[in-house]
Every structure is written in structure tokens, then in C-alpha cells.
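Okay, model32.cif is below, mmCIF, C-alpha atoms:
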data_input
loop_
_atom_site.label_atom_id
_atom_site.label_comp_id
_atom_site.auth_asym_id
_atom_site.auth_seq_id
_atom_site.Cartn_x
_atom_site.Cartn_y
_atom_site.Cartn_z
CA MET A 6 20.79 26.53 -2.69
CA ASN A 7 24.38 25.84 -3.65
CA THR A 8 25.05 25.61 -7.41
CA ASN A 9 26.57 22.16 -6.91
CA GLU A 10 23.14 20.94 -5.83
CA PHE A 11 21.64 21.90 -9.19
CA ILE A 12 24.57 20.37 -11.07
CA ARG A 13 24.13 17.08 -9.21
CA ARG A 14 20.41 17.00 -10.00
CA ARG A 15 20.94 17.63 -13.71
CA LYS A 16 23.60 14.94 -13.93
CA THR A 17 21.37 12.44 -12.15
CA LEU A 18 18.47 13.13 -14.49
CA MET A 19 20.65 13.00 -17.60
CA ARG A 20 21.97 9.58 -16.62
CA MET A 21 18.37 8.35 -16.54
CA VAL A 22 17.47 10.06 -19.83
CA GLY A 23 20.47 8.61 -21.67
CA ASN A 24 22.32 9.78 -24.76
CA ASP A 25 19.43 9.01 -27.10
CA GLY A 26 16.99 11.09 -25.05
CA ILE A 27 16.25 14.75 -24.43
CA ALA A 28 14.48 16.41 -21.51
CA ILE A 29 12.59 19.66 -22.03
CA LEU A 30 11.09 21.86 -19.30
CA PRO A 31 9.33 25.19 -19.85
CA SER A 32 9.21 27.85 -17.13
CA ALA A 33 5.96 28.79 -15.45
CA PRO A 34 4.11 31.57 -17.27
CA ALA A 35 3.35 34.86 -15.56
CA ARG A 36 -0.23 34.82 -14.23
CA VAL A 37 -2.68 37.73 -14.42
CA ARG A 38 -4.50 38.55 -11.18
CA SER A 39 -6.86 41.06 -12.76
CA ARG A 40 -6.66 43.22 -15.87
CA ASP A 41 -2.99 44.26 -16.20
CA VAL A 42 -1.95 43.30 -12.66
CA GLU A 43 0.04 40.08 -12.35
CA TYR A 44 0.53 37.77 -9.38
CA ARG A 45 3.99 37.81 -7.88
CA TYR A 46 5.97 35.46 -10.10
CA ARG A 47 6.87 32.01 -8.80
CA GLN A 48 8.93 29.67 -10.96
CA ASP A 49 7.74 26.15 -11.81
CA SER A 50 9.11 23.81 -9.13
CA ASP A 51 10.52 21.22 -11.57
CA PHE A 52 12.18 23.94 -13.62
CA TYR A 53 13.74 25.58 -10.55
CA TYR A 54 14.76 22.22 -9.09
CA LEU A 55 17.10 21.68 -12.05
CA SER A 56 18.26 25.22 -12.67
CA GLY A 57 17.86 27.64 -9.76
CA PHE A 58 16.75 30.10 -12.47
CA ALA A 59 13.67 32.11 -11.55
CA GLU A 60 12.82 34.05 -14.74
CA PRO A 61 9.70 33.50 -16.86
CA GLU A 62 9.73 32.94 -20.63
CA SER A 63 12.49 30.37 -20.36
CA VAL A 64 13.05 26.76 -21.41
CA ILE A 65 15.55 24.20 -20.09
CA VAL A 66 16.88 21.52 -22.43
CA LEU A 67 18.99 18.61 -21.22
CA ALA A 68 20.62 16.76 -24.12
CA PRO A 69 23.03 14.16 -22.71
CA GLY A 70 26.14 13.65 -24.82
CA ARG A 71 25.61 16.73 -27.01
CA ASP A 72 29.01 17.91 -28.24
CA ASN A 73 28.19 21.61 -27.94
CA GLY A 74 26.90 21.33 -24.39
CA GLU A 75 24.38 19.15 -22.60
CA TYR A 76 22.63 21.85 -20.55
CA ILE A 77 20.94 24.43 -22.76
CA VAL A 78 18.74 27.34 -21.69
CA PHE A 79 16.51 29.55 -23.79
CA CYS A 80 15.71 32.82 -22.02
CA ARG A 81 14.82 36.46 -22.51
CA GLU A 82 17.48 38.78 -23.89
CA ARG A 83 18.70 41.77 -21.93
CA ASP A 84 16.53 44.81 -22.61
CA ARG A 85 17.37 48.05 -20.82
CA ARG A 86 13.95 49.61 -21.40
CA LYS A 87 11.98 46.59 -20.13
CA GLU A 88 14.35 46.04 -17.23
CA GLN A 89 13.65 49.61 -16.14
CA TRP A 90 10.03 48.55 -15.59
CA ASP A 91 10.25 44.91 -14.51
CA GLY A 92 13.72 44.38 -13.07
CA SER A 93 16.98 42.95 -14.32
CA ARG A 94 17.33 39.93 -16.59
CA ALA A 95 20.18 37.48 -16.76
CA GLY A 96 20.16 37.21 -20.54
CA PRO A 97 21.88 34.31 -22.34
CA GLY A 98 25.30 35.47 -21.18
CA GLY A 99 24.22 35.69 -17.56
CA VAL A 100 22.64 32.25 -17.69
CA VAL A 101 25.98 30.79 -18.78
CA ASP A 102 28.07 32.80 -16.31
CA THR A 103 25.81 32.67 -13.23
CA TYR A 104 23.64 29.59 -13.72
CA LEU A 105 26.34 27.48 -15.42
CA ALA A 106 24.44 26.61 -18.58
CA ASP A 107 26.67 25.04 -21.23
CA ASP A 108 24.89 27.00 -23.93
CA ALA A 109 22.16 29.66 -23.95
CA PHE A 110 20.05 31.31 -26.63
CA PRO A 111 17.37 34.01 -26.83
CA ILE A 112 13.90 32.55 -26.28
CA ASP A 113 12.79 34.06 -29.60
CA ASP A 114 15.20 31.72 -31.41
CA ILE A 115 13.79 28.51 -29.96
CA ASP A 116 11.76 27.61 -33.08
CA ASP A 117 14.94 27.73 -35.16
CA ILE A 118 17.24 25.87 -32.77
CA LEU A 119 15.31 23.31 -30.69
CA PRO A 120 13.93 21.21 -33.59
CA GLY A 121 17.51 20.69 -34.75
CA ILE A 122 18.42 19.25 -31.35
CA LEU A 123 15.23 17.18 -31.24
CA GLU A 124 16.06 15.44 -34.52
CA THR A 125 19.21 13.93 -32.99
CA ARG A 126 17.18 12.09 -30.32
CA GLU A 127 15.02 8.98 -30.12
CA SER A 128 13.04 9.85 -26.97
CA VAL A 129 11.58 13.08 -25.62
CA TYR A 130 11.13 13.37 -21.86
CA TYR A 131 8.48 15.96 -21.26
CA THR A 132 5.58 16.63 -18.89
CA MET A 133 2.53 16.86 -21.12
CA GLY A 134 -0.48 18.76 -19.79
CA ALA A 135 1.25 21.21 -17.45
CA TYR A 136 1.26 24.15 -19.87
CA ALA A 137 -1.15 23.87 -22.80
CA GLU A 138 0.50 26.53 -24.95
CA PHE A 139 3.90 24.86 -24.75
CA ASP A 140 2.31 21.44 -25.36
CA GLN A 141 1.09 22.79 -28.68
CA ARG A 142 4.55 24.05 -29.62
CA MET A 143 6.12 20.70 -28.73
CA THR A 144 3.56 18.93 -30.86
CA GLU A 145 4.23 21.23 -33.81
CA TRP A 146 8.02 20.75 -33.60
CA VAL A 147 7.78 16.97 -33.59
CA LYS A 148 5.04 16.99 -36.24
CA SER A 149 7.16 19.11 -38.56
CA LEU A 150 10.10 16.72 -38.17
CA ARG A 151 7.93 13.68 -38.88
CA GLN A 152 6.50 15.32 -41.99
CA ARG A 153 10.04 15.58 -43.36
CA GLU A 154 11.14 12.02 -42.55
CA SER A 155 10.83 11.05 -46.21
CA SER A 156 13.58 13.55 -47.01
CA GLY A 157 15.92 12.03 -44.46
CA VAL A 158 15.04 14.12 -41.41
CA HIS A 159 14.93 12.10 -38.18
CA ALA A 160 12.12 12.55 -35.63
CA PRO A 161 11.95 11.25 -32.05
CA HIS A 162 9.98 8.01 -31.84
CA GLU A 163 8.53 8.28 -28.34
CA PHE A 164 7.39 10.69 -25.66
CA ILE A 165 8.11 9.67 -22.06
CA ALA A 166 6.60 11.32 -18.98
CA LEU A 167 9.41 13.36 -17.46
CA ASP A 168 7.55 13.89 -14.20
CA HIS A 169 7.73 10.15 -13.44
CA LEU A 170 11.53 10.38 -13.20
CA LEU A 171 11.85 13.89 -11.85
CA HIS A 172 9.20 13.62 -9.15
CA ASP A 173 10.77 10.47 -7.77
CA MET A 174 14.04 12.40 -7.52
CA ARG A 175 12.31 15.25 -5.71
CA LEU A 176 10.74 12.86 -3.20
CA TYR A 177 14.17 12.17 -1.65
CA LYS A 178 15.49 15.35 -0.07
CA SER A 179 19.22 16.04 0.21
CA ARG A 180 20.89 17.55 3.27
CA ALA A 181 20.72 20.98 1.64
CA GLU A 182 17.00 20.58 1.00
CA ILE A 183 16.32 19.40 4.55
CA SER A 184 18.27 22.42 5.80
CA ALA A 185 16.10 24.80 3.76
CA MET A 186 12.95 23.08 4.99
CA ARG A 187 14.17 23.27 8.58
CA THR A 188 14.67 27.01 8.15
CA ALA A 189 11.16 27.38 6.69
CA ALA A 190 9.78 25.43 9.64
CA LYS A 191 11.66 27.56 12.19
CA ILE A 192 10.24 30.71 10.65
CA ALA A 193 6.73 29.24 10.79
CA VAL A 194 7.27 28.27 14.44
CA LYS A 195 8.21 31.86 15.29
CA ALA A 196 5.10 33.11 13.53
CA HIS A 197 2.82 30.67 15.37
CA ARG A 198 4.34 31.72 18.70
CA ARG A 199 3.70 35.33 17.78
CA ALA A 200 0.07 34.50 16.96
CA MET A 201 -0.45 32.71 20.28
CA ALA A 202 0.94 35.71 22.13
CA THR A 203 -1.27 38.12 20.17
CA ALA A 204 -4.65 36.35 20.04
CA ARG A 205 -7.34 37.48 22.46
CA PRO A 206 -11.11 37.96 22.49
CA GLY A 207 -12.25 40.90 20.36
CA LEU A 208 -9.58 40.67 17.68
CA TYR A 209 -10.43 39.52 14.18
CA GLU A 210 -8.96 36.52 12.41
CA TYR A 211 -7.27 38.76 9.85
CA GLU A 212 -5.47 40.65 12.63
CA VAL A 213 -3.91 37.38 13.77
CA GLU A 214 -3.13 36.47 10.15
CA ALA A 215 -1.22 39.73 9.85
CA GLU A 216 1.27 38.49 12.44
CA PHE A 217 2.23 35.69 10.07
CA ALA A 218 2.75 38.07 7.15
CA HIS A 219 5.01 40.21 9.34
CA GLU A 220 7.09 37.30 10.63
CA PHE A 221 7.40 35.63 7.23
CA ARG A 222 8.49 38.69 5.32
CA ARG A 223 10.99 39.83 7.96
CA HIS A 224 12.79 36.53 7.33
CA ASP A 225 12.62 36.80 3.51
CA ALA A 226 9.90 34.14 3.34
CA CYS A 227 6.37 34.19 1.97
CA ASN A 228 3.19 32.16 2.42
CA SER A 229 3.52 28.62 1.08
CA TYR A 230 -0.32 28.52 0.88
CA ALA A 231 -3.25 30.70 1.89
CA PRO A 232 -3.27 30.76 5.71
CA ILE A 233 -6.21 29.21 7.53
CA VAL A 234 -7.10 31.27 10.61
CA GLY A 235 -10.44 30.00 11.88
CA THR A 236 -12.19 30.54 15.19
CA GLY A 237 -15.35 29.00 16.66
CA ALA A 238 -17.39 27.21 14.01
CA ASN A 239 -14.69 28.02 11.45
CA THR A 240 -12.33 25.54 13.13
CA CYS A 241 -14.49 22.81 11.61
CA ILE A 242 -14.05 24.06 8.02
CA LEU A 243 -10.95 22.32 6.71
CA HIS A 244 -9.98 24.85 4.04
CA TYR A 245 -11.42 27.99 5.59
CA VAL A 246 -9.58 31.07 4.24
CA GLU A 247 -11.97 34.03 4.64
CA ASN A 248 -10.26 34.87 7.95
CA ASN A 249 -12.69 37.69 8.79
CA ALA A 250 -14.59 36.53 11.90
CA GLN A 251 -14.16 38.00 15.37
CA LEU A 252 -12.45 35.97 18.08
CA LYS A 253 -14.79 35.27 20.98
CA ASP A 254 -14.15 34.34 24.60
CA GLY A 255 -14.53 30.59 25.06
CA ASP A 256 -13.82 29.64 21.43
CA LEU A 257 -10.85 27.83 19.93
CA LEU A 258 -8.63 29.28 17.21
CA LEU A 259 -7.18 26.91 14.59
CA ILE A 260 -4.27 28.28 12.55
CA ASP A 261 -2.82 26.34 9.63
CA ALA A 262 -0.03 28.50 8.22
CA GLY A 263 3.38 27.81 6.73
CA CYS A 264 5.95 29.68 4.72
CA GLU A 265 8.21 29.15 1.74
CA PHE A 266 11.91 29.87 2.11
CA ASP A 267 14.33 29.48 -0.80
CA TYR A 268 11.60 27.58 -2.68
CA TYR A 269 10.99 25.08 0.16
CA ALA A 270 7.78 24.93 2.16
CA SER A 271 6.72 24.46 5.76
CA ASP A 272 3.20 23.49 6.85
CA VAL A 273 2.33 23.88 10.53
CA THR A 274 -0.99 23.85 12.41
CA ARG A 275 -1.80 24.64 16.01
CA THR A 276 -5.14 24.97 17.80
CA PHE A 277 -5.49 26.94 21.02
CA PRO A 278 -8.12 28.71 23.16
CA VAL A 279 -8.77 32.36 22.37
CA ASN A 280 -8.89 33.25 26.07
CA GLY A 281 -5.83 31.18 26.94
CA ARG A 282 -7.68 28.40 28.81
CA PHE A 283 -9.13 25.19 27.37
CA SER A 284 -12.61 24.23 28.48
CA PRO A 285 -12.91 20.63 29.74
CA GLU A 286 -14.51 19.54 26.44
CA GLN A 287 -11.96 21.39 24.32
CA ARG A 288 -9.12 19.86 26.30
CA ALA A 289 -10.60 16.37 25.97
CA VAL A 290 -10.75 16.62 22.17
CA TYR A 291 -7.36 18.30 22.03
CA GLU A 292 -5.72 15.53 24.05
CA ILE A 293 -7.09 12.88 21.68
CA VAL A 294 -5.68 14.67 18.64
CA LEU A 295 -2.31 15.22 20.32
CA GLU A 296 -2.08 11.55 21.29
CA ALA A 297 -2.95 10.61 17.70
CA GLN A 298 -0.27 12.92 16.32
CA LEU A 299 2.42 11.59 18.64
CA ALA A 300 1.45 8.01 17.74
CA ALA A 301 1.64 8.85 14.03
CA ILE A 302 5.04 10.55 14.37
CA GLU A 303 6.33 7.46 16.18
CA LYS A 304 5.38 5.41 13.11
CA THR A 305 7.13 7.78 10.68
CA VAL A 306 10.26 5.66 10.49
CA GLN A 307 12.34 3.89 7.88
CA GLY A 308 10.79 0.58 6.82
CA ASN A 309 7.22 1.38 7.74
CA HIS A 310 4.86 2.00 4.86
CA TRP A 311 3.21 5.30 4.07
CA ASN A 312 -0.10 4.34 5.65
CA ASP A 313 1.28 3.22 9.03
CA PRO A 314 1.18 6.72 10.59
CA HIS A 315 -2.40 7.18 9.38
CA ASP A 316 -3.46 3.80 10.79
CA ALA A 317 -1.95 4.76 14.14
CA ALA A 318 -3.79 8.09 14.19
CA VAL A 319 -7.09 6.48 13.18
CA ARG A 320 -6.88 3.99 16.01
CA VAL A 321 -6.21 6.65 18.66
CA ILE A 322 -8.90 9.00 17.34
CA THR A 323 -11.53 6.28 17.06
CA LYS A 324 -10.76 5.07 20.57
CA GLY A 325 -10.91 8.63 21.88
CA LEU A 326 -14.20 9.47 20.17
CA ARG A 327 -15.69 6.33 21.63
CA LYS A 328 -14.41 7.25 25.10
CA ILE A 329 -16.09 10.69 25.05
CA GLY A 330 -19.31 9.19 23.70
CA LEU A 331 -19.34 10.50 20.11
CA LEU A 332 -18.96 6.99 18.70
CA LYS A 333 -20.49 3.77 19.98
CA GLY A 334 -19.56 0.16 19.21
CA SER A 335 -16.54 -2.09 19.19
CA LEU A 336 -13.24 -0.50 18.25
CA PRO A 337 -12.36 -2.93 15.43
CA LYS A 338 -15.78 -2.52 13.80
CA LEU A 339 -15.74 1.28 14.13
CA ILE A 340 -12.33 1.35 12.42
CA LYS A 341 -13.40 -1.12 9.71
CA ASP A 342 -16.57 0.89 9.01
CA GLN A 343 -14.60 4.16 9.06
CA ALA A 344 -17.08 5.56 11.58
CA TYR A 345 -14.40 8.06 12.60
CA SER A 346 -14.63 9.77 9.19
CA GLU A 347 -17.63 11.81 10.35
CA PHE A 348 -15.18 13.69 12.59
CA PHE A 349 -11.81 12.91 10.96
CA MET A 350 -12.28 12.95 7.21
CA HIS A 351 -8.78 13.54 5.80
CA ARG A 352 -5.46 11.74 5.60
CA THR A 353 -2.91 12.14 8.38
CA GLY A 354 -0.31 13.69 6.12
CA HIS A 355 1.15 14.43 2.69
CA TRP A 356 4.59 14.79 1.15
CA ILE A 357 6.08 18.26 1.53
CA GLY A 358 9.04 19.89 -0.19
CA MET A 359 9.22 22.52 -2.91
CA ASP A 360 5.44 22.31 -3.07
CA VAL A 361 3.43 22.22 0.12
CA HIS A 362 1.58 19.20 -1.30
CA ASP A 363 4.73 17.83 -2.83
CA VAL A 364 5.27 15.37 -5.65
CA GLY A 365 5.97 11.66 -5.28
CA ASP A 366 3.86 8.52 -5.53
CA TYR A 367 2.21 7.23 -2.36
CA LYS A 368 1.86 3.75 -3.81
CA VAL A 369 4.26 1.62 -5.86
CA GLY A 370 2.82 -1.38 -7.65
CA ASN A 371 -0.53 -0.78 -5.96
CA GLU A 372 1.12 -1.14 -2.53
CA TRP A 373 1.76 1.63 -0.02
CA ARG A 374 5.26 2.98 -0.44
CA CYS A 375 7.84 2.21 2.24
CA LEU A 376 9.21 5.21 4.11
CA GLU A 377 12.90 5.89 3.43
CA PRO A 378 15.46 8.43 4.65
CA GLY A 379 15.11 11.76 2.85
CA MET A 380 11.33 11.65 2.60
CA VAL A 381 9.48 14.44 4.40
CA THR A 382 5.81 14.32 5.32
CA THR A 383 3.36 16.31 7.36
CA ILE A 384 1.68 14.63 10.32
CA GLU A 385 -1.68 16.33 10.89
CA PRO A 386 -4.55 14.41 12.48
CA GLY A 387 -7.66 16.33 13.47
CA ILE A 388 -11.14 16.12 14.93
CA TYR A 389 -13.92 18.40 13.70
CA ILE A 390 -17.31 18.53 15.43
CA PRO A 391 -19.58 21.06 13.70
CA ALA A 392 -22.87 22.13 15.25
CA SER A 393 -25.36 19.31 14.78
CA ARG A 394 -28.28 17.79 16.58
CA LYS A 395 -26.40 14.50 16.42
CA VAL A 396 -23.95 15.61 19.10
CA PRO A 397 -24.48 17.10 22.56
CA ALA A 398 -24.21 20.90 22.69
CA LYS A 399 -21.04 20.86 24.77
CA TRP A 400 -19.05 19.30 21.89
CA ARG A 401 -20.33 21.52 19.09
CA ASN A 402 -18.00 23.77 17.08
CA ILE A 403 -14.87 22.18 18.49
CA GLY A 404 -12.31 21.71 15.73
CA VAL A 405 -8.74 20.68 16.50
CA ARG A 406 -5.82 19.95 14.18
CA ILE A 407 -2.15 19.63 15.16
CA GLU A 408 0.42 19.50 12.38
CA ASP A 409 4.19 19.23 12.11
CA ASP A 410 6.68 18.54 9.31
CA VAL A 411 8.60 15.29 9.85
CA ALA A 412 11.64 13.98 7.99
CA VAL A 413 12.38 10.26 7.82
CA THR A 414 15.99 9.55 8.87
CA ASN A 415 18.21 6.61 9.72
CA ASN A 416 17.77 7.56 13.37
CA GLY A 417 13.99 7.87 13.52
CA PRO A 418 11.58 10.76 12.87
CA ASP A 419 13.06 14.28 12.76
CA VAL A 420 10.39 16.89 13.55
CA LEU A 421 11.53 19.92 11.56
CA SER A 422 8.93 22.18 13.20
CA LYS A 423 9.88 21.24 16.76
CA GLY A 424 10.03 23.89 19.45
CA LEU A 425 6.42 25.03 19.16
CA ALA A 426 4.19 24.30 22.15
CA LYS A 427 1.57 21.63 21.62
CA GLU A 428 0.95 20.12 25.04
CA ALA A 429 -2.24 21.76 26.38
CA ASP A 430 -0.53 22.93 29.56
CA ASP A 431 2.40 24.40 27.60
CA ILE A 432 0.03 26.32 25.34
CA GLU A 433 -1.80 27.78 28.33
CA LYS A 434 1.52 28.80 29.93
CA LEU A 435 2.70 30.42 26.69
CA MET A 436 -0.50 32.41 26.34
CA ALA A 437 -0.43 33.48 29.97
CA ALA A 438 3.14 34.82 29.71
#
Write-out of the structure in C-alpha cells:
Amino acid sequence: MNTNEFIRRRKTLMRMVGNDGIAILPSAPARVRSRDVEYRYRQDSDFYYLSGFAEPESVIVLAPGRDNGEYIVFCRERDRRKEQWDGSRAGPGGVVDTYLADDAFPIDDIDDILPGILETRESVYYTMGAYAEFDQRMTEWVKSLRQRESSGVHAPHEFIALDHLLHDMRLYKSRAEISAMRTAAKIAVKAHRRAMATARPGLYEYEVEAEFAHEFRRHDACNSYAPIVGTGANTCILHYVENNAQLKDGDLLLIDAGCEFDYYASDVTRTFPVNGRFSPEQRAVYEIVLEAQLAAIEKTVQGNHWNDPHDAAVRVITKGLRKIGLLKGSLPKLIKDQAYSEFFMHRTGHWIGMDVHDVGDYKVGNEWRCLEPGMVTTIEPGIYIPASRKVPAKWRNIGVRIEDDVAVTNNGPDVLSKGLAKEADDIEKLMAA
């Protein structure tokens, strides 16, 4: 991401904070996987959104109007011995030179420096509850200032939720952000194509999952979430991640897998037959879901509200389930009673951006939010029919979900993950090639 993008974001936020406010963001802590082994580090999305700085043990401070610099970073000092083990550090000097901080200090000096900046401000913009240890430090700093008010020390008078401002900013993606998300989607599309070409009876789900790991890493991307690679009955488990069952002739394979590129996520799902040919029942369910997805994408336009795509998908799915005999009754009543939820129990989409389930309110003033250019959502209807005496045997263990990432633009929906087969005939042709 270009440095000008981070500068623009900081300036926008500081205008909202104002000269009597201060915004404080801690970095994500390193997380232990087991004993002394840590997970691969991933910076807090809000922190990275404003800084582009990916090191732990850091704090961003935005103090609009401060004479000695508005953008302050506390970070780890350079340490040759530790860098030998864990990799290079920017250090305060590097944060100023490379990441364009106005001022930077060692993280160990934060207790001595930050309270002095805090006492010049009326309001503190901070996300309470994200990191308990830092919450405690914030509380102690403000408490110590308030305890000295009788001696003339000033303390901030209010805490304001920073995430309310920042997450609304993140909801509207810039051209640079859309470009990064388009790249993440293209990488995911290549991986899904690779999986379709690889899958066959006798393989195991984890062998197909490995194709995604290969394709993601060869493009300098990583998983944006744990991949779902489910065959047979596993297609009906929404968050199935064991990925250890064998692919069998006649079963479907549902793959929900996306990647993160330059801190931006993709989220793509395709469902296809293990042997390359849909059975009549599989095709019937698949066609309903595809029609629902296309109807929902058509509604993902400026001026519609957030729930319009979901309403469109619900109508198509309910009508389709009634047509194949899994639901009975009038269409309006089935929709009103949410009879479809036995087979379609989730929303049709979610915001996507730096986080795969990205930030941003879905309602404003208790009303569904209107879709506007720059917003990006997934469109992912599905039908899941687990084995049950309630349904005829021919429909059992058919699970289908089709998902794409869609940006709202002035010119209609922009499918970022386009180019990946989803018509049943196209999938069969791809797998036969």
C-alpha cells in the first residue's frame, strides 16, 4: 500500500478527533501457539490501517495540533542480538524515516512520555476491550493524572470509542484497497481452479487443501481464514475445518477458501462434483443456489439497503425448495415463517476488507444501511440438506454454497472474484479438461 494512503487515513481520522482529542492504538500482541512456539505474527488491522507498520510491542498516538509532531509511534529499539533471532526491527529512527512518523520513542519510555501528552487533551479516543493488558495501562495513566488534578495537573474528561470512527472509515474502500482485494481474489480464483483440476475420487480433503497452500504462498499470500474443504456429509457443516475425509465417487466437494494479500482478504466458495459430473439431484440444488446468488448480486447496487441481496436470495431459495418438494405451502407464508432456514440458515453475505468478516455497522439508526460505492461484501447463499428421515434419500448430504466478493460501484456490482466457473456446465467442462 502506498505511503500516501496511510497519510490520508491519519489526516482524516485526526480531523474527526480534533485538536482537543487524542487517539491511541496498541499493536496486536504476539500469540503463543503452544509452549514457546508462537503463531506467525499478524498486526492488528486498525493499527496497520493507519500506519503500515507490522511490528509487535508498538503503540500509535495521534495528537492533532501537537507542536512537536501529531503522529507519534512507540516501538522496540534496535537490538542486534535479538534481531539475530527474530529478524530486523525498524527502531524509532526507522519508524520516522520509513513509516513517516513525526516523532518516535522506545516502547519502554511510554510510561514517562504518554501521560504528558494525555494531560494536554480533553478526550481520549480508544478502543476499550480489545487488549486487556493495555486497557489496564490506559486506566492507570488517566487515574494517575486525575489523582494529581488538585495540584494543577489536567486529565482528559472523556473516553470515546475509537472504533466507531475508524471502522466507519474502513467500511469505504479506496481504489488502492479495491486493487489489493482484487489481487487477493484473483489468487483465490487460481487456487480454486487448481483444486477443481486436482480433485478426484480417492483423494483426501487435506490433499485438495494443499493445493490452496501452494497457490497462496507462491503469490506471497496466506490463508485469510481456515479453509473449509468438505465432501459428502461434510458439505452440510457450515464451519467444517477437519478436512480429513476421503473424496468418494458421486459426492460433492464444497471448498470455502480465500487468501490475504497485503493485509486484504478474499473469501470465495465453490461446490462441485468429485467425479466431475453432477447427479440430477445435485444439479437441481446447485441451480437453485446459483440463481439465488445471481439475484443477490444484481441487488448489490448503490441505493439498495444491506438486506436487499439477502431478501432476493431468500425468495429464490424458498421458491426452489418448494419446487423440488422440500418445502410445502404458499411462497409468501414460507418466507414469512422463515421455513427456508432449515436448509439455508445463514445470511447471504458480510462485509469484507482487511478482516474477512470486516468491520462496519450493518444498521444505522435501527435501519438497514444503504449500500454505497466503496463498500465490499460477500454474496454467498447456500442450501444444506443433511441426512434426515424428514427428506427423501436422494436429497440427503447435498450441501451447496457459491460465494464471490462484490464491490459496490457507481456502475453496478463489481465481482472481484470473477473468472471462476460457477455455471454447472462450465464446472463439468473445467473438470473434464
Expand the PyMOL selection byres ((chain A and resi 228) around 6) into the explicit residue set it covers here, and present it as a ChimeraX atom specification.
/A:227,229-230,264-265
Region 337-354 of chain A environment, 9 Å, all atoms listed in the file, sequence neighbours closer than 5 positions dropped, as a PyMOL selection string:
chain A and resi 298+301+312+314-316+318-320+322-324+326+332+382-391+408
Suppose a student applies the PyMOL selection byres ((chain A and resi 415) around 7) to this structure; what residues should they get, written as a list in words?
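Answer for the PyMOL selection byres ((chain A and resi 415) around 7): Gln307, Pro378, Thr414, Asn416 and Gly417 of chain A.
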Counting all atoms listed in the file, which residue out of A:Gly281, A:Gly57, A:Pro69, A:Pro31 sits closest to Phe11 (chain A)?
A:Gly57
Within 8 Å of (-1.7, 0.8, 0.9), all atoms listed in the file: residues as a ChimeraX atom specification?
/A:310-312,368,371-374
Preceding selection exported with C-alpha atoms as a compact mmCIF listing (two decimals), keeping the file's coordinate frame:
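Output file selection-v1.txt follows:
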# COMPACT_ATOMS: atom_id res chain seq x y z
CA HIS A 310 4.86 2.00 4.86
CA TRP A 311 3.21 5.30 4.07
CA ASN A 312 -0.10 4.34 5.65
CA LYS A 368 1.86 3.75 -3.81
CA ASN A 371 -0.53 -0.78 -5.96
CA GLU A 372 1.12 -1.14 -2.53
CA TRP A 373 1.76 1.63 -0.02
CA ARG A 374 5.26 2.98 -0.44
Translate the PyMOL selection byres ((chain A and resi 30) around 7), as applied to the file shown, into an explicit residue set as a ChimeraX atom specification.
/A:28-29,31-32,52,64-66,131
Keeping only C-alpha atoms, write the selected residues to a file as a compact mmCIF listing (two decimals), keeping the file's coordinate frame.
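The file below, result.txt, is the result:
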# COMPACT_ATOMS: atom_id res chain seq x y z
CA ALA A 28 14.48 16.41 -21.51
CA ILE A 29 12.59 19.66 -22.03
CA PRO A 31 9.33 25.19 -19.85
CA SER A 32 9.21 27.85 -17.13
CA PHE A 52 12.18 23.94 -13.62
CA VAL A 64 13.05 26.76 -21.41
CA ILE A 65 15.55 24.20 -20.09
CA VAL A 66 16.88 21.52 -22.43
CA TYR A 131 8.48 15.96 -21.26
List the neighbours of Asp410 (chain A) out to 12 Å using all atoms listed in the file; skip same-chain residues closer than 2 positions along the sequence, and give me the result as number ranges by chain.
A: 183, 186-191, 193-194, 263, 270-274, 298, 301-302, 305, 353-358, 361-362, 380-385, 407-408, 412-413, 418-425
Find, counting all atoms listed in the file, the residue in A:Asp360, A:Glu154, A:Arg406, A:Lys434 that gets nearest to Arg47 (chain A).
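Of all the options, A:Asp360 lies closest to Arg47 (chain A).
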Long-range neighbours of Phe266 (chain A) as an MDAnalysis selection string, 6 Å cut-off, all atoms listed in the file, 2 positions minimum in chain:
chainID A and resid 189 226 268:269
Selection near Gly365 (chain A), 6 Å with all atoms listed in the file, sequence-local residues under 2 positions removed, as a list of chain:residue names
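After dropping sequence-adjacent residues, the list is A:His172, A:Asp173, A:Leu176.
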Rounded to one decimal, what separation in Å do you get between CA of Glu214 (chain A) and CA of Pro34 (chain A)?
28.8 Å
Can you complete the atoms of region 302-314 of chain A to N, CA and C atoms and list them as a tab-separated table (two decimals), in the coordinates of the input?
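As written to disk, selection-v2.tsv reads:
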chain	number	residue	atom	x	y	z
A	302	ILE	N	3.62	10.17	14.52
A	302	ILE	CA	5.04	10.55	14.37
A	302	ILE	C	5.93	9.36	14.72
A	303	GLU	N	5.56	8.63	15.76
A	303	GLU	CA	6.33	7.46	16.18
A	303	GLU	C	6.42	6.42	15.07
A	304	LYS	N	5.41	6.38	14.21
A	304	LYS	CA	5.38	5.41	13.11
A	304	LYS	C	6.06	5.93	11.84
A	305	THR	N	6.52	7.18	11.87
A	305	THR	CA	7.13	7.78	10.68
A	305	THR	C	8.62	7.44	10.66
A	306	VAL	N	8.89	6.16	10.43
A	306	VAL	CA	10.26	5.66	10.49
A	306	VAL	C	10.57	4.80	9.27
A	307	GLN	N	11.85	4.71	8.99
A	307	GLN	CA	12.34	3.89	7.88
A	307	GLN	C	11.81	2.47	7.98
A	308	GLY	N	11.27	1.96	6.87
A	308	GLY	CA	10.79	0.58	6.82
A	308	GLY	C	9.30	0.45	6.98
A	309	ASN	N	8.67	1.39	7.69
A	309	ASN	CA	7.22	1.38	7.74
A	309	ASN	C	6.67	1.83	6.40
A	310	HIS	N	5.42	1.49	6.11
A	310	HIS	CA	4.86	2.00	4.86
A	310	HIS	C	4.11	3.29	5.11
A	311	TRP	N	3.80	3.97	4.00
A	311	TRP	CA	3.21	5.30	4.07
A	311	TRP	C	1.96	5.36	4.94
A	312	ASN	N	1.18	4.30	4.95
A	312	ASN	CA	-0.10	4.34	5.65
A	312	ASN	C	0.00	4.03	7.14
A	313	ASP	N	1.15	3.58	7.61
A	313	ASP	CA	1.28	3.22	9.03
A	313	ASP	C	0.99	4.40	9.97
A	314	PRO	N	1.52	5.60	9.71
A	314	PRO	CA	1.18	6.72	10.59
A	314	PRO	C	-0.32	7.02	10.60
